[in-house]
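Undergrad: Dropping in query_39.cif, with mmCIF, C-alpha atoms.
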```cif
data_input
loop_
_atom_site.group_PDB
_atom_site.id
_atom_site.type_symbol
_atom_site.label_atom_id
_atom_site.label_comp_id
_atom_site.auth_asym_id
_atom_site.auth_seq_id
_atom_site.Cartn_x
_atom_site.Cartn_y
_atom_site.Cartn_z
ATOM 1 C CA MET A 988 0.000 0.000 0.000
ATOM 2 C CA ARG A 989 2.840 2.348 0.796
ATOM 3 C CA VAL A 990 4.403 1.769 -2.611
ATOM 4 C CA CYS A 991 1.097 2.545 -4.353
ATOM 5 C CA LEU A 992 0.664 5.711 -2.289
ATOM 6 C CA GLY A 993 4.185 6.804 -3.281
ATOM 7 C CA TYR A 994 3.388 6.217 -6.965
ATOM 8 C CA LEU A 995 0.122 8.112 -6.601
ATOM 9 C CA ILE A 996 1.873 11.124 -5.025
ATOM 10 C CA SER A 997 4.576 11.045 -7.716
ATOM 11 C CA PHE A 998 1.905 10.866 -10.437
ATOM 12 C CA VAL A 999 0.016 13.854 -8.968
ATOM 13 C CA LEU A 1000 3.213 15.920 -8.701
ATOM 14 C CA LEU A 1001 4.145 14.997 -12.262
ATOM 15 C CA MET A 1002 0.720 16.119 -13.510
ATOM 16 C CA PHE A 1003 1.058 19.521 -11.804
ATOM 17 C CA SER A 1004 4.565 19.996 -13.166
ATOM 18 C CA CYS A 1005 3.313 19.326 -16.703
ATOM 19 C CA GLU A 1006 0.834 22.168 -16.433
ATOM 20 C CA LYS A 1007 0.891 24.521 -19.437
ATOM 21 C CA LYS A 1008 3.436 27.310 -18.934
ATOM 22 C CA GLU A 1009 2.832 30.922 -19.991
ATOM 23 C CA ASP A 1010 4.522 32.014 -23.190
ATOM 24 C CA MET A 1011 7.296 34.307 -21.959
ATOM 25 C CA SER A 1012 8.013 35.658 -25.449
ATOM 26 C CA ASP A 1013 4.984 37.962 -25.106
ATOM 27 C CA MET A 1014 6.402 39.525 -21.948
ATOM 28 C CA PRO A 1015 7.994 42.959 -22.524
ATOM 29 C CA LEU A 1016 11.718 43.177 -21.841
ATOM 30 C CA TYR A 1017 12.825 45.286 -18.888
ATOM 31 C CA GLU A 1018 14.426 48.469 -20.199
ATOM 32 C CA GLY A 1019 14.840 50.361 -16.948
ATOM 33 C CA PRO A 1020 18.048 51.050 -15.044
ATOM 34 C CA VAL A 1021 20.137 48.124 -13.854
ATOM 35 C CA MET A 1022 21.724 50.263 -11.145
ATOM 36 C CA GLU A 1023 20.829 53.385 -9.161
ATOM 37 C CA ILE A 1024 23.610 55.350 -7.473
ATOM 38 C CA LYS A 1025 23.099 58.163 -4.954
ATOM 39 C CA ASP A 1026 25.382 61.167 -4.338
ATOM 40 C CA VAL A 1027 27.615 60.540 -7.350
ATOM 41 C CA VAL A 1028 31.013 62.192 -7.756
ATOM 42 C CA THR A 1029 32.900 61.173 -10.903
ATOM 43 C CA LEU A 1030 36.373 62.442 -11.802
ATOM 44 C CA PHE A 1031 37.739 62.405 -15.352
ATOM 45 C CA SER A 1032 41.511 62.696 -15.545
ATOM 46 C CA ASP A 1033 44.203 63.115 -18.158
ATOM 47 C CA SER A 1034 47.841 62.340 -17.348
ATOM 48 C CA ALA A 1035 46.904 61.874 -13.667
ATOM 49 C CA LYS A 1036 45.367 65.374 -13.450
ATOM 50 C CA VAL A 1037 41.665 65.975 -12.840
ATOM 51 C CA ARG A 1038 40.143 67.650 -15.896
ATOM 52 C CA ILE A 1039 36.427 67.226 -15.116
ATOM 53 C CA ARG A 1040 34.448 66.693 -11.924
ATOM 54 C CA LEU A 1041 30.803 65.572 -12.247
ATOM 55 C CA GLU A 1042 28.356 65.577 -9.318
ATOM 56 C CA ALA A 1043 24.760 64.335 -9.263
ATOM 57 C CA PRO A 1044 22.291 63.443 -6.503
ATOM 58 C CA THR A 1045 21.126 60.382 -8.493
ATOM 59 C CA GLN A 1046 22.553 58.399 -11.396
ATOM 60 C CA PHE A 1047 20.762 55.610 -13.247
ATOM 61 C CA GLU A 1048 22.985 53.168 -15.130
ATOM 62 C CA PHE A 1049 21.481 51.166 -18.015
ATOM 63 C CA GLU A 1050 22.542 47.850 -19.489
ATOM 64 C CA ASN A 1051 23.858 49.502 -22.680
ATOM 65 C CA GLY A 1052 26.080 51.889 -20.650
ATOM 66 C CA ASP A 1053 23.800 54.926 -20.954
ATOM 67 C CA ARG A 1054 23.362 57.060 -17.832
ATOM 68 C CA GLU A 1055 20.655 59.403 -16.591
ATOM 69 C CA PHE A 1056 20.896 62.104 -13.949
ATOM 70 C CA PRO A 1057 17.180 62.752 -13.230
ATOM 71 C CA ASP A 1058 17.708 65.030 -10.209
ATOM 72 C CA GLY A 1059 20.245 67.391 -11.750
ATOM 73 C CA VAL A 1060 23.897 67.476 -12.663
ATOM 74 C CA TYR A 1061 26.807 69.798 -11.856
ATOM 75 C CA ILE A 1062 30.085 69.679 -13.806
ATOM 76 C CA GLU A 1063 33.370 71.506 -13.184
ATOM 77 C CA PHE A 1064 35.935 71.814 -15.993
ATOM 78 C CA PHE A 1065 39.646 72.215 -15.206
ATOM 79 C CA GLU A 1066 42.593 73.452 -17.263
ATOM 80 C CA LYS A 1067 45.724 71.295 -17.643
ATOM 81 C CA ASP A 1068 47.382 73.225 -14.797
ATOM 82 C CA GLY A 1069 44.492 72.365 -12.425
ATOM 83 C CA THR A 1070 42.735 75.766 -12.584
ATOM 84 C CA LYS A 1071 38.953 75.477 -12.568
ATOM 85 C CA SER A 1072 37.851 77.181 -15.804
ATOM 86 C CA SER A 1073 34.064 76.763 -16.004
ATOM 87 C CA THR A 1074 31.004 75.123 -14.484
ATOM 88 C CA LEU A 1075 27.817 73.659 -15.901
ATOM 89 C CA ARG A 1076 24.600 73.134 -13.947
ATOM 90 C CA ALA A 1077 21.311 71.622 -15.216
ATOM 91 C CA ASP A 1078 18.033 70.251 -13.855
ATOM 92 C CA ARG A 1079 18.548 66.903 -15.649
ATOM 93 C CA GLY A 1080 21.256 65.139 -17.592
ATOM 94 C CA GLU A 1081 21.999 62.017 -19.555
ATOM 95 C CA LYS A 1082 24.896 60.297 -21.284
ATOM 96 C CA ASN A 1083 24.621 58.401 -24.545
ATOM 97 C CA ALA A 1084 27.372 55.787 -24.145
ATOM 98 C CA LYS A 1085 27.483 54.750 -27.795
ATOM 99 C CA GLU A 1086 28.150 58.325 -28.981
ATOM 100 C CA ASN A 1087 29.981 59.461 -25.800
ATOM 101 C CA LEU A 1088 27.660 62.478 -25.778
ATOM 102 C CA TYR A 1089 26.211 64.185 -22.705
ATOM 103 C CA LYS A 1090 22.939 66.138 -22.726
ATOM 104 C CA ALA A 1091 21.916 68.706 -20.105
ATOM 105 C CA GLU A 1092 18.297 69.866 -19.911
ATOM 106 C CA GLY A 1093 16.172 72.335 -17.986
ATOM 107 C CA ASN A 1094 17.634 75.606 -16.741
ATOM 108 C CA VAL A 1095 21.150 74.945 -18.046
ATOM 109 C CA VAL A 1096 23.723 77.467 -16.805
ATOM 110 C CA VAL A 1097 27.370 77.553 -17.878
ATOM 111 C CA ILE A 1098 29.703 80.029 -16.163
ATOM 112 C CA SER A 1099 33.207 80.865 -17.361
ATOM 113 C CA LEU A 1100 35.349 81.399 -14.271
ATOM 114 C CA LEU A 1101 38.091 82.918 -16.459
ATOM 115 C CA ASP A 1102 36.096 85.947 -17.665
ATOM 116 C CA GLY A 1103 32.704 85.763 -15.906
ATOM 117 C CA ASP A 1104 30.588 85.087 -19.019
ATOM 118 C CA GLU A 1105 27.347 83.217 -18.307
ATOM 119 C CA LEU A 1106 25.302 81.079 -20.710
ATOM 120 C CA ASN A 1107 21.633 80.229 -20.114
ATOM 121 C CA THR A 1108 19.642 77.770 -22.253
ATOM 122 C CA GLU A 1109 17.167 74.899 -21.899
ATOM 123 C CA GLU A 1110 19.226 72.210 -23.635
ATOM 124 C CA LEU A 1111 22.953 71.766 -24.120
ATOM 125 C CA TYR A 1112 25.174 68.963 -25.390
ATOM 126 C CA TRP A 1113 28.757 68.256 -24.346
ATOM 127 C CA THR A 1114 31.179 66.071 -26.268
ATOM 128 C CA PRO A 1115 34.260 65.196 -24.166
ATOM 129 C CA ILE A 1116 36.254 64.024 -27.203
ATOM 130 C CA LYS A 1117 36.027 67.435 -28.920
ATOM 131 C CA GLU A 1118 35.927 69.324 -25.573
ATOM 132 C CA GLU A 1119 32.976 71.259 -26.946
ATOM 133 C CA ILE A 1120 29.482 72.291 -25.838
ATOM 134 C CA PHE A 1121 26.683 73.093 -28.294
ATOM 135 C CA THR A 1122 22.949 73.581 -28.741
ATOM 136 C CA ASP A 1123 20.428 74.498 -31.415
ATOM 137 C CA LYS A 1124 18.069 76.040 -28.808
ATOM 138 C CA PHE A 1125 17.679 79.678 -27.772
ATOM 139 C CA VAL A 1126 20.670 80.983 -25.758
ATOM 140 C CA THR A 1127 21.363 84.049 -23.637
ATOM 141 C CA ILE A 1128 24.973 84.981 -22.880
ATOM 142 C CA ARG A 1129 25.813 87.715 -20.374
ATOM 143 C CA SER A 1130 29.251 89.179 -20.965
ATOM 144 C CA GLU A 1131 30.798 92.323 -19.395
ATOM 145 C CA GLY A 1132 27.523 94.227 -19.140
ATOM 146 C CA GLU A 1133 26.242 93.026 -22.519
ATOM 147 C CA ILE A 1134 23.576 90.461 -23.278
ATOM 148 C CA HIS A 1135 23.892 88.336 -26.418
ATOM 149 C CA THR A 1136 20.982 86.168 -27.584
ATOM 150 C CA GLY A 1137 20.312 83.840 -30.468
ATOM 151 C CA GLU A 1138 19.369 80.410 -31.743
ATOM 152 C CA GLY A 1139 22.126 77.831 -31.521
ATOM 153 C CA MET A 1140 25.656 78.067 -30.159
ATOM 154 C CA THR A 1141 28.972 76.225 -30.173
ATOM 155 C CA ALA A 1142 31.695 76.811 -27.582
ATOM 156 C CA ARG A 1143 34.805 75.331 -26.050
ATOM 157 C CA GLN A 1144 33.937 73.394 -22.894
ATOM 158 C CA ASP A 1145 35.810 75.970 -20.782
ATOM 159 C CA PHE A 1146 33.547 78.622 -22.398
ATOM 160 C CA SER A 1147 36.607 80.712 -23.297
ATOM 161 C CA SER A 1148 35.261 81.219 -26.825
ATOM 162 C CA TYR A 1149 31.850 80.734 -28.390
ATOM 163 C CA SER A 1150 29.893 81.332 -31.561
ATOM 164 C CA ILE A 1151 26.145 82.014 -31.710
ATOM 165 C CA THR A 1152 24.655 80.461 -34.857
ATOM 166 C CA LYS A 1153 21.746 82.880 -35.389
ATOM 167 C CA PRO A 1154 22.426 85.959 -33.230
ATOM 168 C CA THR A 1155 19.616 88.362 -32.310
ATOM 169 C CA GLY A 1156 19.487 91.575 -30.303
ATOM 170 C CA THR A 1157 21.700 94.643 -30.178
ATOM 171 C CA LEU A 1158 25.497 94.584 -30.124
ATOM 172 C CA THR A 1159 27.671 97.478 -28.952
ATOM 173 C CA ILE A 1160 30.485 98.325 -31.377
ATOM 174 C CA ASP A 1161 33.215 100.819 -30.397
ATOM 175 C CA ASP A 1162 33.956 103.474 -33.028
ATOM 176 C CA PRO A 1163 37.737 103.409 -33.643
ATOM 177 C CA GLN A 1164 37.879 107.205 -34.261
#
```
In structure tokens, how does this file's structure come out?
TA:
Amino acid sequence: MRVCLGYLISFVLLMFSCEKKEDMSDMPLYEGPVMEIKDVVTLFSDSAKVRIRLEAPTQFEFENGDREFPDGVYIEFFEKDGTKSSTLRADRGEKNAKENLYKAEGNVVVISLLDGDELNTEELYWTPIKEEIFTDKFVTIRSEGEIHTGEGMTARQDFSSYSITKPTGTLTIDDPQ
């Protein structure tokens, strides 16, 4: 009797294990972050000297290497001699790993610590390879009592020089006489 009871239990368990399984191919793949990091400080160096310091309250890391900074981002740029040359602050940020391209969004402010110029825009891209920042959005640049505005801009990452693509507004020109 015990042997029959054992076979009966095994048969019942086998029947439940052969139950039809759900087709997992219809399930959507998870595309969210694989890691969340709080109070991030990342240093980028060249020849053992810090060239860039990135801070963010939150960083999401994705499987493909992309990153998001949903709670804001603050970046400091340094010259080769260690002098801090400019800062960038934005409400949000992200990094496209494949293109090695950073995007800052929402109340983006870049300040040149070398000459005091200040850039304001709503969207700005930074490419570390070219050491360049750029946008095709509206920009306002305050410089030595002047305000320059326009659509689109390209600048060195230290904001020591820049070019507004479609300038608007009034420019002051000194008469050489």
Undergrad: Using the chain letters and numbering of this document, enumerate as a list in words the residues selected by the PyMOL selection byres ((chain A and resi 1101) around 9).
TA: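 Here the PyMOL selection byres ((chain A and resi 1101) around 9) matches Lys1071, Ser1072, Ser1073, Ile1098, Ser1099, Leu1100, Asp1102, Gly1103, Asp1104, Asp1145, Phe1146 and Ser1147 of chain A.
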Undergrad: Using the selection just defined, write its residues with C-alpha atoms as a PDB file, keeping the file's coordinate frame.
TA:
```pdb
ATOM      1  CA  LYS A1071      38.953  75.477 -12.568  1.00  0.00           C
ATOM      2  CA  SER A1072      37.851  77.181 -15.804  1.00  0.00           C
ATOM      3  CA  SER A1073      34.064  76.763 -16.004  1.00  0.00           C
ATOM      4  CA  ILE A1098      29.703  80.029 -16.163  1.00  0.00           C
ATOM      5  CA  SER A1099      33.207  80.865 -17.361  1.00  0.00           C
ATOM      6  CA  LEU A1100      35.349  81.399 -14.271  1.00  0.00           C
ATOM      7  CA  ASP A1102      36.096  85.947 -17.665  1.00  0.00           C
ATOM      8  CA  GLY A1103      32.704  85.763 -15.906  1.00  0.00           C
ATOM      9  CA  ASP A1104      30.588  85.087 -19.019  1.00  0.00           C
ATOM     10  CA  ASP A1145      35.810  75.970 -20.782  1.00  0.00           C
ATOM     11  CA  PHE A1146      33.547  78.622 -22.398  1.00  0.00           C
ATOM     12  CA  SER A1147      36.607  80.712 -23.297  1.00  0.00           C
TER      13      SER A1147
END
```
Undergrad: Can you work out the spacing between CA of Ile1039 (chain A) and CA of Gly1069 (chain A) in Å, to one decimal?
TA: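 Pair CA of Ile1039 (chain A) / CA of Gly1069 (chain A) returns 9.9 Å.
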Undergrad: Hey, what comes out of the PyMOL selection byres ((chain A and resi 1130) around 10) on this file? Could you write it as a short mmCIF file (atom, residue, chain, number, x, y, z; two decimals) with C-alpha atoms, in the coordinates of the input?
TA:
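What landed in expr33.cif:
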```cif
data_model
loop_
_atom_site.label_atom_id
_atom_site.label_comp_id
_atom_site.auth_asym_id
_atom_site.auth_seq_id
_atom_site.Cartn_x
_atom_site.Cartn_y
_atom_site.Cartn_z
CA SER A 1099 33.21 80.86 -17.36
CA ASP A 1102 36.10 85.95 -17.66
CA GLY A 1103 32.70 85.76 -15.91
CA ASP A 1104 30.59 85.09 -19.02
CA GLU A 1105 27.35 83.22 -18.31
CA LEU A 1106 25.30 81.08 -20.71
CA THR A 1127 21.36 84.05 -23.64
CA ILE A 1128 24.97 84.98 -22.88
CA ARG A 1129 25.81 87.72 -20.37
CA GLU A 1131 30.80 92.32 -19.40
CA GLY A 1132 27.52 94.23 -19.14
CA GLU A 1133 26.24 93.03 -22.52
CA ILE A 1134 23.58 90.46 -23.28
CA HIS A 1135 23.89 88.34 -26.42
#
```
Undergrad: So, counting only C-alpha atoms, which residue among A:Pro1020, A:Pro1015, A:Pro1154, A:Gly1080 is closest to Gly1052 (chain A)?
TA: A:Pro1020
Undergrad: Applied to the shown file, which residues does the PyMOL selection byres ((chain A and resi 1019) around 12) return, written as a list in words?
TA: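 Listing what the PyMOL selection byres ((chain A and resi 1019) around 12) selects in the shown file: Pro1015, Leu1016, Tyr1017, Glu1018, Pro1020, Val1021, Met1022, Glu1023, Phe1047, Glu1048, Phe1049, Glu1050, Asn1051, Gly1052, Asp1053, Arg1054 and Glu1055 of chain A.
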Undergrad: With distances taken over all atoms listed in the file, which of A:Lys1085, A:Phe1064, A:Glu1109, A:Ile1120 is nearest to Arg1038 (chain A)?
TA: A:Phe1064
Undergrad: State, in Å with one decimal place, the distance from CA of Ile1024 (chain A) to CA of Glu1110 (chain A).
TA: 23.8 Å
Undergrad: May I ask which of the residues A:Lys1025, A:Lys1082, A:Arg1076, A:Lys1117 is the closest one to Val1096 (chain A), counting only C-alpha atoms?
TA: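 Using only C-alpha atoms, Val1096 (chain A) sits closest to A:Arg1076.
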Undergrad: I'd like the neighbourhood of Glu1119 (chain A) as a PyMOL selection string, where a residue qualifies if any of its atoms comes within 8 Å (using all atoms listed in the file), though same-chain residues fewer than 6 positions away should be ignored.
TA: chain A and resi 1113+1141-1144
Undergrad: I'd like the neighbourhood of region 1043-1045 of chain A as a list in words, where a residue qualifies if any of its atoms comes within 9 Å (using only C-alpha atoms), though same-chain residues fewer than 5 positions away should be ignored.
TA: Glu1023, Ile1024, Lys1025, Asp1026, Val1027, Val1028, Thr1029, Glu1055, Phe1056, Pro1057, Asp1058, Gly1059, Val1060, Tyr1061 and Ile1062 of chain A
Undergrad: Take CA of Asp1033 (chain A) and CA of Asp1068 (chain A) and report the distance between them in Å, one decimal.
TA: 11.1 Å
